[in-house]
Amino acid sequence: MKKVAIIQARMGSTRFPGKVLRSLGDQLVIQRVVNAALKASLVDEVVVTTSVKENDNQIYEWCIKNDVRVFRGSEDNVLKRFYGAAKEIGADIIVRLTGDCPFLDPWIIDQIISMVTVGNLDYATNTMPPTWPDGLDCEAFTFKALEQAHLHAKRSSDTEHVTPYIRNNQKLFKTGNFVSPIKRLHEYRFTVDTPADLEFMESVYQICPNVNSFSNLVATISEYPDLASKQPLIKRDEGFDKSKSTEDIICENFSVSQQLLNNALEVIPLGSQTFSKAYIQYPKNTAPLFLTHGQGSRVWDVDGNEYVDLVSALLPNILGYCDPDVNFAINEQLQKGISFSLPTELEIQLAEKLCQIIPSAEKVRFAKNGTDVTSAAIRLVRAYTSRDKIIVCGYHGWQDWYIGSTTRNKGVPSAISGLTTSVKYNDLEVIEKLIKSEEYAAIIMEPCNSQEPLPGYLKGIKDICEKHGSLLIFDEIITGFRFALGGAQEYFGVTPHLSCFGKAMGNGMPISAIVGRNDIMKEMEEIFFSGTFGGEALSLAAAIATIDKIEEAKVIPYLWEVGDELTHEVNTIIKDLNLEEVIALCGFSPWKILQFKDCKNASQFEIRTFFMQEMIKRGVLILGSHNVSFSHNKLDRTQIILAYKEVLNRLQDCLKKDNLKKNIHSPVIESIFKVRT
């Protein structure tokens with residue numbers, strides 16, 4: 001089995017032309033990369049691949065002079081060039097390296113090759129997610145995988161680089177990631193992208209001449225802890241021109257999704273574990289139904305389509321998919337165990353942290369999802385007040401006590417449904433009228449959703465509750481860790497008696513918490529609220545790491561900033577197209593909710609279906625709100641705004657021509673039930 005390292009190199013870098021032929025210490029940048037590949041014990045041969053452009057003659061001549069095999073091909077179709085080089089040399093396993101990463105350790109190359117050969121993988125890398133310093137990245141793959149990519153990749157985004165098709169289509173390829181054993185190495189950058197980078201790396205070389213040894217490089221990082229702060233900042237082209245179209249983004253093939261749905265429906269009701277993720281919530285035949293993987297702000301479906309994800313797993317992924325700090329905490333705990341016979345100290349650590357940051361938290365209990373803790377809160381307040389009736393305002397989960405008050409109440413005894421009364425948001429008068437009867441144990445409510453609370457509304461509810469012996473519960477499953485570190489209660493300055501948190505607390509890991517006043521929480525010792533996995537350690541470790549990062553990285557101000565930008569841009573488009581009576585963004589910037597309205601030529605459901613169909617087609621996965629995350633960068637925001645511009649222009653045109661129904665390519669999506677009014 002022939003293992004070949006193929007090094008990409010070109011002279012035409014926009015930021016630093018000719019960088020690969022610059023000197024670093026006593027060698028050229030490209031020579032260091034070639035040497036690293038030659039020193040890898042599992043590499044049989046090394047070849048440099050460059051373009052046929054005249055400017056790249058210098059690289060060709062350097063290779064000939066230094067007895068380095070070289071292959072030349074298309075500048076734009078890098079995949080084709082790479083395939084040509086691999087085929088000519090007879091490679092079975094290919095390692096892709098870039099000529100601007102002179103600090104690469106041969107040991108890393110060997111590890112990645114071993115993952116493919118011993119692990120029987122099609123593709124292996126150390127960048128999914130990136131946990132190593134930028135510049136120590138490496139990927140290896142089989143010739144068969146490369147050939148499949150060469151034959152089937154059609155988009156320019158798949159051919160202007162070598163491995164996007166393989167990385168995107170993880171339904172077709174068996175992949176693996178080599179994770180750094182040391183935390184936060186991804187914060188370091190040792191790649192030559194600008195003259196300032198080369199100057200910085202020269203200074204590192206002077207400190208550590210044997211920079212191609214990972215252990216020596218780590219020792220240098222340890223000895224000089226401020227090294228990361230001395231790295232040159234680089235302004236990458238994060239966005240693309242808003243005048244561009246989404247032509248190379250279009251997602252239209254969902255054949256594998258449809259095939260898997262047929263399989264799923266044979267064994268899973270609705271084909272999903274969650275109503276909001278089921279096929280009935282997305283336009284039929286024009287949307288993905290199953291995903292393979294996520295990275296940062298993006299997800300890939302089983303057909304290889306890539307999306308900016310504005311669903312964010314229904315809001316848990318506040319930091320983004322595969323956040324390296326959270327993943328490190330999970331992996332570290334995984335080596336110790338997952339579920340134990342007795343509690344772990346992690347329960348104390350997380351509970352103490354929540355008591356520090358959440359105004360209403362004096363005592364804490366953990367569970368796995370939002371329904372667990374909202375239901376625990378209801379049992380708790382009934383025990384504390386010796387009353388049975390509950391007022392609800394918002395969405396609070398699937399248990400009988402709540403769902404019985406909605407139109408989705410099949411299977412709930414009427415005796416239970418009769419104990420719950422649903423009220424509209426911002427109506428203080430009706431709440432006071434109900435609670436005055438002194439029959440209600442509590443009101444549980446989302447402190448805000450699609451509407452802003454009227455002045456004095458939240459404080460008024462608390463005052464009414466305390467006057468009549470009822471309790472106020474804030475359901476902060478969504479707003480918690482999104483509006484403020486201490487939740488919406490911190491943001492609005494109103495402290496409830498009990499609160500429920502979840503979703504974003506573990507960045508995707510299943511964990512929730514009920515927190516509250518000490519004397520009320522003491523009833524937990526008397527009621528029965530108990531679960532085998534309440535103290536499951538991976539989720540506890542993830543939650544601690546998530547909250548730490550939210551605080552340290554100033555995540556919440558960033559969510560407001562991203563949400564504000566999207567809101568401003570989208571509202572401008574809506575206004576320019578005179579669509580204010582058709583579509584609106586409601587609520588608060590970290591969680592803006594889309595509101596569609598009936599109009600003369602179409603119903604709100606037809607408009608929403610068309611909107612989702614067209615946004616998804618342009619590579620934006622969206623359900624009904626802007627669930628922004630810390631990983632949504634400028635590129636994502638530009639793509640979202642561009643998609644909005646194209647879709648709303650199409651919507652306006654269809655409404656004018658009265659042909660919207662003809663342009664909806666699926667049955668119209670109806671709501672399961674409406675809870676936020």
# chains A, B, ... in the order shown; residues from 1 in each chain; ligands from 1

$ residues_around --residues "segment 42-55 of chain A" --least-positions-apart "2" --cutoff "6 Å" --atoms "only C-alpha atoms" --output "PyMOL selection string"
chain A and resi 3-10+40+57+69-75+110

$ write_last_selection --atoms "N, CA and C atoms" --output "PDB file, in the first residue's frame"
ATOM      1  N   LYS A   3       1.880   5.003   0.308  1.00  0.00           N
ATOM      2  CA  LYS A   3       1.405   6.190   1.037  1.00  0.00           C
ATOM      3  C   LYS A   3       2.211   7.405   0.578  1.00  0.00           C
ATOM      4  N   VAL A   4       1.511   8.373   0.031  1.00  0.00           N
ATOM      5  CA  VAL A   4       2.158   9.527  -0.604  1.00  0.00           C
ATOM      6  C   VAL A   4       1.704  10.826   0.046  1.00  0.00           C
ATOM      7  N   ALA A   5       2.666  11.663   0.378  1.00  0.00           N
ATOM      8  CA  ALA A   5       2.359  13.013   0.864  1.00  0.00           C
ATOM      9  C   ALA A   5       2.366  13.967  -0.320  1.00  0.00           C
ATOM     10  N   ILE A   6       1.239  14.631  -0.565  1.00  0.00           N
ATOM     11  CA  ILE A   6       1.138  15.605  -1.650  1.00  0.00           C
ATOM     12  C   ILE A   6       1.001  16.990  -1.034  1.00  0.00           C
ATOM     13  N   ILE A   7       1.917  17.858  -1.403  1.00  0.00           N
ATOM     14  CA  ILE A   7       1.988  19.201  -0.808  1.00  0.00           C
ATOM     15  C   ILE A   7       1.486  20.228  -1.818  1.00  0.00           C
ATOM     16  N   GLN A   8       0.452  20.970  -1.433  1.00  0.00           N
ATOM     17  CA  GLN A   8      -0.046  22.051  -2.288  1.00  0.00           C
ATOM     18  C   GLN A   8       0.815  23.294  -2.102  1.00  0.00           C
ATOM     19  N   ALA A   9       1.180  23.922  -3.210  1.00  0.00           N
ATOM     20  CA  ALA A   9       1.977  25.152  -3.122  1.00  0.00           C
ATOM     21  C   ALA A   9       1.709  26.013  -4.345  1.00  0.00           C
ATOM     22  N   ARG A  10       1.660  27.324  -4.109  1.00  0.00           N
ATOM     23  CA  ARG A  10       1.503  28.259  -5.223  1.00  0.00           C
ATOM     24  C   ARG A  10       2.128  29.594  -4.837  1.00  0.00           C
ATOM     25  N   ALA A  40       8.411  11.584   8.041  1.00  0.00           N
ATOM     26  CA  ALA A  40       7.305  10.750   8.527  1.00  0.00           C
ATOM     27  C   ALA A  40       7.595   9.299   8.148  1.00  0.00           C
ATOM     28  N   ASN A  57       6.174  28.774 -12.047  1.00  0.00           N
ATOM     29  CA  ASN A  57       7.400  28.160 -12.568  1.00  0.00           C
ATOM     30  C   ASN A  57       8.492  28.130 -11.504  1.00  0.00           C
ATOM     31  N   ARG A  69       9.891  15.564  -6.382  1.00  0.00           N
ATOM     32  CA  ARG A  69       8.946  15.274  -7.453  1.00  0.00           C
ATOM     33  C   ARG A  69       7.870  16.354  -7.489  1.00  0.00           C
ATOM     34  N   VAL A  70       7.454  16.760  -8.701  1.00  0.00           N
ATOM     35  CA  VAL A  70       6.485  17.839  -8.833  1.00  0.00           C
ATOM     36  C   VAL A  70       5.444  17.483  -9.887  1.00  0.00           C
ATOM     37  N   PHE A  71       4.214  17.906  -9.653  1.00  0.00           N
ATOM     38  CA  PHE A  71       3.121  17.692 -10.599  1.00  0.00           C
ATOM     39  C   PHE A  71       2.420  19.024 -10.795  1.00  0.00           C
ATOM     40  N   ARG A  72       2.083  19.343 -12.050  1.00  0.00           N
ATOM     41  CA  ARG A  72       1.414  20.608 -12.345  1.00  0.00           C
ATOM     42  C   ARG A  72       0.042  20.349 -12.965  1.00  0.00           C
ATOM     43  N   GLY A  73      -0.914  21.205 -12.593  1.00  0.00           N
ATOM     44  CA  GLY A  73      -2.262  21.054 -13.126  1.00  0.00           C
ATOM     45  C   GLY A  73      -3.052  22.337 -13.002  1.00  0.00           C
ATOM     46  N   SER A  74      -4.377  22.221 -13.058  1.00  0.00           N
ATOM     47  CA  SER A  74      -5.276  23.376 -13.043  1.00  0.00           C
ATOM     48  C   SER A  74      -5.106  24.198 -11.775  1.00  0.00           C
ATOM     49  N   GLU A  75      -5.145  25.521 -11.926  1.00  0.00           N
ATOM     50  CA  GLU A  75      -5.071  26.391 -10.749  1.00  0.00           C
ATOM     51  C   GLU A  75      -6.416  26.420 -10.023  1.00  0.00           C
ATOM     52  N   ASP A 110       2.157  10.728  10.721  1.00  0.00           N
ATOM     53  CA  ASP A 110       2.074   9.281  10.921  1.00  0.00           C
ATOM     54  C   ASP A 110       0.796   8.869  11.636  1.00  0.00           C
TER      55      ASP A 110
END

$ residues_around --residues "segment 469-478 of chain A" --least-positions-apart "5" --cutoff "8 Å" --atoms "only C-alpha atoms" --output "ChimeraX atom specification"
/A:315,370,374,377,381,385,396,435,438,440-447,461-462,487-489,496-504,512

$ write_last_selection --atoms "N, CA and C atoms" --output "compact mmCIF listing (two decimals), in the first residue's frame"
# COMPACT_ATOMS: atom_id res chain seq x y z
N LEU A 315 -32.02 25.30 19.81
CA LEU A 315 -31.43 26.29 20.73
C LEU A 315 -30.39 25.79 21.74
N GLY A 370 -36.07 19.89 29.43
CA GLY A 370 -36.92 20.95 29.97
C GLY A 370 -38.18 20.44 30.62
N THR A 374 -39.65 21.48 34.40
CA THR A 374 -40.92 22.22 34.53
C THR A 374 -41.94 21.37 35.28
N ALA A 377 -41.12 21.40 38.88
CA ALA A 377 -41.54 22.67 39.48
C ALA A 377 -43.02 22.65 39.84
N VAL A 381 -44.50 23.13 43.59
CA VAL A 381 -45.37 24.23 44.05
C VAL A 381 -46.69 23.71 44.58
N THR A 385 -47.73 24.76 48.32
CA THR A 385 -48.90 25.61 48.55
C THR A 385 -50.16 24.83 48.94
N HIS A 396 -44.25 24.68 27.75
CA HIS A 396 -43.59 24.14 28.94
C HIS A 396 -43.36 22.63 28.89
N ILE A 435 -55.72 34.46 40.10
CA ILE A 435 -54.96 34.19 41.33
C ILE A 435 -55.71 34.67 42.57
N GLU A 438 -57.37 32.31 44.95
CA GLU A 438 -56.54 31.57 45.90
C GLU A 438 -56.66 30.06 45.71
N TYR A 440 -54.94 28.79 42.91
CA TYR A 440 -53.82 28.49 42.03
C TYR A 440 -52.51 28.39 42.80
N ALA A 441 -51.78 27.29 42.58
CA ALA A 441 -50.49 27.10 43.24
C ALA A 441 -49.45 28.04 42.66
N ALA A 442 -49.51 28.25 41.33
CA ALA A 442 -48.45 29.04 40.70
C ALA A 442 -48.84 29.44 39.29
N ILE A 443 -48.13 30.39 38.78
CA ILE A 443 -48.11 30.66 37.35
C ILE A 443 -46.72 30.30 36.86
N ILE A 444 -46.64 29.48 35.82
CA ILE A 444 -45.38 29.19 35.16
C ILE A 444 -45.41 29.87 33.81
N MET A 445 -44.35 30.60 33.48
CA MET A 445 -44.37 31.39 32.26
C MET A 445 -42.97 31.55 31.70
N GLU A 446 -42.92 31.66 30.38
CA GLU A 446 -41.69 32.12 29.74
C GLU A 446 -41.63 33.62 29.99
N PRO A 447 -40.56 34.13 30.58
CA PRO A 447 -40.53 35.56 30.90
C PRO A 447 -40.68 36.45 29.68
N ILE A 461 -46.83 40.54 38.15
CA ILE A 461 -47.22 39.15 38.37
C ILE A 461 -46.65 38.63 39.69
N LYS A 462 -45.38 38.94 39.95
CA LYS A 462 -44.77 38.48 41.20
C LYS A 462 -45.50 39.08 42.41
N GLY A 487 -29.94 34.67 33.03
CA GLY A 487 -31.23 34.49 32.37
C GLY A 487 -32.02 35.77 32.20
N ALA A 488 -33.24 35.63 31.72
CA ALA A 488 -34.12 36.79 31.50
C ALA A 488 -34.45 37.47 32.82
N GLN A 489 -34.43 36.72 33.92
CA GLN A 489 -34.71 37.33 35.22
C GLN A 489 -33.65 38.35 35.59
N PRO A 496 -38.00 35.42 40.17
CA PRO A 496 -39.13 34.54 40.49
C PRO A 496 -38.82 33.68 41.72
N HIS A 497 -39.79 32.90 42.13
CA HIS A 497 -39.57 32.01 43.27
C HIS A 497 -38.85 30.73 42.86
N LEU A 498 -39.16 30.26 41.66
CA LEU A 498 -38.50 29.09 41.09
C LEU A 498 -38.17 29.37 39.62
N SER A 499 -37.15 28.70 39.11
CA SER A 499 -36.79 28.86 37.70
C SER A 499 -36.37 27.52 37.12
N CYS A 500 -36.60 27.37 35.82
CA CYS A 500 -36.21 26.16 35.10
C CYS A 500 -35.26 26.52 33.96
N PHE A 501 -34.12 25.86 33.92
CA PHE A 501 -33.10 26.12 32.90
C PHE A 501 -32.78 24.83 32.16
N GLY A 502 -32.29 24.96 30.92
CA GLY A 502 -31.92 23.78 30.13
C GLY A 502 -31.27 24.22 28.84
N LYS A 503 -31.58 23.53 27.76
CA LYS A 503 -31.08 23.82 26.42
C LYS A 503 -29.62 24.26 26.39
N ALA A 504 -29.35 25.58 26.40
CA ALA A 504 -28.00 26.09 26.20
C ALA A 504 -27.03 25.74 27.32
N SER A 512 -30.65 19.74 32.38
CA SER A 512 -31.54 20.84 32.76
C SER A 512 -31.46 21.01 34.27

$ closest_residue --among "A:Phe481, A:Tyr83, A:Trp107, A:Phe141" --to "Asp122 of chain A" --atoms "only C-alpha atoms"
A:Phe141

$ closest_residue --among "A:Ala145, A:Ala643, A:Leu648, A:Ile250" --to "Ala584 of chain A" --atoms "only C-alpha atoms"
A:Leu648

$ residues_around --residues "segment 294-303 of chain A" --least-positions-apart "3" --cutoff "8 Å" --atoms "only C-alpha atoms" --output "VMD selection string"
chain A and resid 128 to 129 168 to 171 253 to 257 288 to 291 306 to 309 312 319 to 323 629 631 to 633 636

$ closest_residue --among "A:Gln281, A:Asn212, A:Thr220, A:Thr638" --to "Ala37 of chain A" --atoms "only C-alpha atoms"
A:Asn212

$ residues_around --residues "segment 404-418 of chain A" --least-positions-apart "3" --cutoff "10 Å" --atoms "only C-alpha atoms" --output "PDB file with N, CA and C atoms, in the first residue's frame"
ATOM      1  N   ASP A 388     -53.844  22.903  43.778  1.00  0.00           N
ATOM      2  CA  ASP A 388     -53.689  22.042  42.605  1.00  0.00           C
ATOM      3  C   ASP A 388     -53.624  22.785  41.275  1.00  0.00           C
ATOM      4  N   LYS A 389     -54.295  23.927  41.184  1.00  0.00           N
ATOM      5  CA  LYS A 389     -54.434  24.580  39.884  1.00  0.00           C
ATOM      6  C   LYS A 389     -53.170  25.353  39.483  1.00  0.00           C
ATOM      7  N   ILE A 390     -52.965  25.404  38.156  1.00  0.00           N
ATOM      8  CA  ILE A 390     -51.768  26.043  37.596  1.00  0.00           C
ATOM      9  C   ILE A 390     -52.177  26.963  36.451  1.00  0.00           C
ATOM     10  N   ILE A 391     -51.515  28.110  36.362  1.00  0.00           N
ATOM     11  CA  ILE A 391     -51.657  29.013  35.212  1.00  0.00           C
ATOM     12  C   ILE A 391     -50.405  28.853  34.359  1.00  0.00           C
ATOM     13  N   VAL A 392     -50.587  28.728  33.041  1.00  0.00           N
ATOM     14  CA  VAL A 392     -49.442  28.589  32.132  1.00  0.00           C
ATOM     15  C   VAL A 392     -49.457  29.712  31.112  1.00  0.00           C
ATOM     16  N   TYR A 395     -44.735  27.829  26.271  1.00  0.00           N
ATOM     17  CA  TYR A 395     -44.595  26.397  26.041  1.00  0.00           C
ATOM     18  C   TYR A 395     -43.777  25.801  27.178  1.00  0.00           C
ATOM     19  N   TRP A 398     -44.008  18.377  27.390  1.00  0.00           N
ATOM     20  CA  TRP A 398     -44.982  17.401  26.901  1.00  0.00           C
ATOM     21  C   TRP A 398     -45.790  16.697  27.994  1.00  0.00           C
ATOM     22  N   GLN A 399     -45.528  16.958  29.264  1.00  0.00           N
ATOM     23  CA  GLN A 399     -46.231  16.254  30.326  1.00  0.00           C
ATOM     24  C   GLN A 399     -47.718  16.650  30.402  1.00  0.00           C
ATOM     25  N   ASP A 400     -48.520  15.763  30.996  1.00  0.00           N
ATOM     26  CA  ASP A 400     -49.983  15.939  31.036  1.00  0.00           C
ATOM     27  C   ASP A 400     -50.416  17.288  31.597  1.00  0.00           C
ATOM     28  N   TRP A 401     -49.783  17.704  32.688  1.00  0.00           N
ATOM     29  CA  TRP A 401     -50.230  18.924  33.373  1.00  0.00           C
ATOM     30  C   TRP A 401     -50.208  20.132  32.447  1.00  0.00           C
ATOM     31  N   THR A 421     -54.846  26.348  33.449  1.00  0.00           N
ATOM     32  CA  THR A 421     -55.467  27.439  32.695  1.00  0.00           C
ATOM     33  C   THR A 421     -54.387  28.192  31.924  1.00  0.00           C
ATOM     34  N   SER A 422     -54.602  28.357  30.644  1.00  0.00           N
ATOM     35  CA  SER A 422     -53.651  29.071  29.799  1.00  0.00           C
ATOM     36  C   SER A 422     -54.078  30.530  29.648  1.00  0.00           C
ATOM     37  N   ILE A 672     -48.321  22.493  14.572  1.00  0.00           N
ATOM     38  CA  ILE A 672     -48.800  21.434  15.463  1.00  0.00           C
ATOM     39  C   ILE A 672     -49.828  22.016  16.423  1.00  0.00           C
ATOM     40  N   PHE A 673     -49.475  23.094  17.081  1.00  0.00           N
ATOM     41  CA  PHE A 673     -50.392  23.891  17.891  1.00  0.00           C
ATOM     42  C   PHE A 673     -49.683  25.195  18.210  1.00  0.00           C
ATOM     43  N   LYS A 674     -50.448  26.219  18.534  1.00  0.00           N
ATOM     44  CA  LYS A 674     -49.876  27.531  18.793  1.00  0.00           C
ATOM     45  C   LYS A 674     -49.889  27.811  20.287  1.00  0.00           C
ATOM     46  N   VAL A 675     -48.712  28.160  20.839  1.00  0.00           N
ATOM     47  CA  VAL A 675     -48.639  28.374  22.280  1.00  0.00           C
ATOM     48  C   VAL A 675     -48.146  29.768  22.646  1.00  0.00           C
TER      49      VAL A 675
END

$ atom_distance --atom1 "atom CA of Ala383 of chain A" --atom2 "atom CA of Phe529 of chain A"
12.1 Å

$ closest_residue --among "A:Asn305, A:Ser386, A:Gln206, A:Ser539" --to "Asp248 of chain A" --atoms "only C-alpha atoms"
A:Asn305

$ select_by_dssp --residues "segment 272-411 of chain A" --states "helix (DSSP H, G or I)" --output "PyMOL selection string"
chain A and resi 275-277+279-281+312-314+324-334+345-357+370-385+400-403

$ select_by_dssp --residues "segment 436-668 of chain A" --states "strand (DSSP E or B)" --output "ChimeraX atom specification"
/A:440-445,471-476,480,484,498-501,512-516,583-588,591-596,599,602,620-621,625-627

$ residues_around --residues "Ser229 of chain A" --least-positions-apart "4" --cutoff "12 Å" --atoms "only C-alpha atoms" --output "PyMOL selection string"
chain A and resi 187-189+200+221+224-225+233

$ write_last_selection --atoms "all heavy atoms" --output "mmCIF file, in the first residue's frame"
data_model
loop_
_atom_site.group_PDB
_atom_site.id
_atom_site.type_symbol
_atom_site.label_atom_id
_atom_site.label_comp_id
_atom_site.auth_asym_id
_atom_site.auth_seq_id
_atom_site.Cartn_x
_atom_site.Cartn_y
_atom_site.Cartn_z
ATOM 1 N N GLU A 187 -5.951 27.654 19.972
ATOM 2 C CA GLU A 187 -5.844 29.109 20.052
ATOM 3 C C GLU A 187 -4.529 29.625 19.463
ATOM 4 O O GLU A 187 -4.360 30.833 19.282
ATOM 5 C CB GLU A 187 -5.969 29.549 21.511
ATOM 6 C CG GLU A 187 -7.342 29.249 22.118
ATOM 7 C CD GLU A 187 -7.425 29.602 23.591
ATOM 8 O OE1 GLU A 187 -6.388 29.997 24.168
ATOM 9 O OE2 GLU A 187 -8.520 29.476 24.178
ATOM 10 N N TYR A 188 -3.599 28.705 19.179
ATOM 11 C CA TYR A 188 -2.304 29.102 18.610
ATOM 12 C C TYR A 188 -2.319 28.937 17.101
ATOM 13 O O TYR A 188 -3.020 28.085 16.548
ATOM 14 C CB TYR A 188 -1.178 28.261 19.228
ATOM 15 C CG TYR A 188 -0.974 28.547 20.691
ATOM 16 C CD1 TYR A 188 -1.696 27.845 21.657
ATOM 17 C CD2 TYR A 188 -0.093 29.537 21.115
ATOM 18 C CE1 TYR A 188 -1.536 28.118 23.008
ATOM 19 C CE2 TYR A 188 0.073 29.809 22.464
ATOM 20 C CZ TYR A 188 -0.654 29.101 23.403
ATOM 21 O OH TYR A 188 -0.490 29.385 24.730
ATOM 22 N N ARG A 189 -1.510 29.745 16.450
ATOM 23 C CA ARG A 189 -1.507 29.772 14.992
ATOM 24 C C ARG A 189 -0.079 29.847 14.464
ATOM 25 O O ARG A 189 0.635 30.810 14.713
ATOM 26 C CB ARG A 189 -2.309 30.987 14.536
ATOM 27 C CG ARG A 189 -2.603 30.994 13.065
ATOM 28 C CD ARG A 189 -3.627 32.078 12.737
ATOM 29 N NE ARG A 189 -3.505 32.420 11.349
ATOM 30 C CZ ARG A 189 -2.633 33.285 10.874
ATOM 31 N NH1 ARG A 189 -1.844 33.935 11.694
ATOM 32 N NH2 ARG A 189 -2.544 33.511 9.586
ATOM 33 N N PHE A 200 6.672 36.494 13.071
ATOM 34 C CA PHE A 200 6.328 35.873 14.349
ATOM 35 C C PHE A 200 6.928 34.476 14.444
ATOM 36 O O PHE A 200 7.509 34.087 15.467
ATOM 37 C CB PHE A 200 4.807 35.813 14.501
ATOM 38 C CG PHE A 200 4.327 34.923 15.614
ATOM 39 C CD1 PHE A 200 4.491 35.289 16.942
ATOM 40 C CD2 PHE A 200 3.716 33.704 15.330
ATOM 41 C CE1 PHE A 200 4.051 34.466 17.976
ATOM 42 C CE2 PHE A 200 3.273 32.876 16.350
ATOM 43 C CZ PHE A 200 3.446 33.261 17.671
ATOM 44 N N ILE A 221 5.429 26.737 24.219
ATOM 45 C CA ILE A 221 4.159 27.368 24.581
ATOM 46 C C ILE A 221 4.020 27.439 26.094
ATOM 47 O O ILE A 221 3.575 28.444 26.657
ATOM 48 C CB ILE A 221 2.981 26.588 23.955
ATOM 49 C CG1 ILE A 221 2.957 26.783 22.438
ATOM 50 C CG2 ILE A 221 1.650 27.017 24.566
ATOM 51 C CD1 ILE A 221 1.970 25.886 21.708
ATOM 52 N N TYR A 224 6.430 30.069 27.493
ATOM 53 C CA TYR A 224 6.064 31.438 27.121
ATOM 54 C C TYR A 224 4.537 31.524 27.002
ATOM 55 O O TYR A 224 3.974 31.505 25.902
ATOM 56 C CB TYR A 224 6.719 31.833 25.796
ATOM 57 C CG TYR A 224 8.229 31.824 25.834
ATOM 58 C CD1 TYR A 224 8.941 30.666 25.531
ATOM 59 C CD2 TYR A 224 8.938 32.971 26.202
ATOM 60 C CE1 TYR A 224 10.326 30.644 25.573
ATOM 61 C CE2 TYR A 224 10.322 32.963 26.243
ATOM 62 C CZ TYR A 224 11.011 31.796 25.935
ATOM 63 O OH TYR A 224 12.385 31.788 25.988
ATOM 64 N N PRO A 225 3.834 31.599 28.132
ATOM 65 C CA PRO A 225 2.365 31.541 28.125
ATOM 66 C C PRO A 225 1.693 32.698 27.386
ATOM 67 O O PRO A 225 0.511 32.611 27.049
ATOM 68 C CB PRO A 225 2.008 31.557 29.614
ATOM 69 C CG PRO A 225 3.207 32.110 30.309
ATOM 70 C CD PRO A 225 4.389 31.699 29.490
ATOM 71 N N LEU A 233 -2.734 39.331 14.344
ATOM 72 C CA LEU A 233 -4.154 39.187 14.034
ATOM 73 C C LEU A 233 -4.326 39.274 12.532
ATOM 74 O O LEU A 233 -3.690 40.077 11.865
ATOM 75 C CB LEU A 233 -4.966 40.293 14.721
ATOM 76 C CG LEU A 233 -4.973 40.259 16.246
ATOM 77 C CD1 LEU A 233 -5.692 41.480 16.783
ATOM 78 C CD2 LEU A 233 -5.635 38.989 16.756
#

$ atom_distance --atom1 "atom CA of Gly135 of chain A" --atom2 "atom CA of Gln31 of chain A"
15.0 Å

$ atom_distance --atom1 "atom CA of Val267 of chain A" --atom2 "atom CA of Asn507 of chain A"
29.0 Å

$ residues_around --residues "Met521 of chain A" --least-positions-apart "4" --cutoff "8 Å" --atoms "only C-alpha atoms" --output "PDB file with N, CA and C atoms, in the first residue's frame"
ATOM      1  N   LYS A 363     -30.966  26.830  45.867  1.00  0.00           N
ATOM      2  CA  LYS A 363     -30.754  25.384  45.813  1.00  0.00           C
ATOM      3  C   LYS A 363     -31.028  24.926  44.380  1.00  0.00           C
ATOM      4  N   VAL A 364     -30.429  23.765  44.010  1.00  0.00           N
ATOM      5  CA  VAL A 364     -30.476  23.311  42.622  1.00  0.00           C
ATOM      6  C   VAL A 364     -30.707  21.803  42.564  1.00  0.00           C
ATOM      7  N   LEU A 380     -43.583  20.532  42.830  1.00  0.00           N
ATOM      8  CA  LEU A 380     -43.013  21.225  43.985  1.00  0.00           C
ATOM      9  C   LEU A 380     -43.958  22.306  44.506  1.00  0.00           C
ATOM     10  N   VAL A 515     -34.097  25.523  39.816  1.00  0.00           N
ATOM     11  CA  VAL A 515     -33.438  26.276  40.886  1.00  0.00           C
ATOM     12  C   VAL A 515     -34.489  27.122  41.589  1.00  0.00           C
ATOM     13  N   GLY A 516     -34.215  27.493  42.847  1.00  0.00           N
ATOM     14  CA  GLY A 516     -35.193  28.328  43.520  1.00  0.00           C
ATOM     15  C   GLY A 516     -34.859  28.665  44.951  1.00  0.00           C
ATOM     16  N   ARG A 517     -35.813  29.273  45.573  1.00  0.00           N
ATOM     17  CA  ARG A 517     -35.673  29.734  46.949  1.00  0.00           C
ATOM     18  C   ARG A 517     -35.507  28.534  47.886  1.00  0.00           C
TER      19      ARG A 517
END

$ closest_residue --among "A:Ile616, A:Leu121, A:Ala602, A:Ala85" --to "Val162 of chain A" --atoms "only C-alpha atoms"
A:Ala85
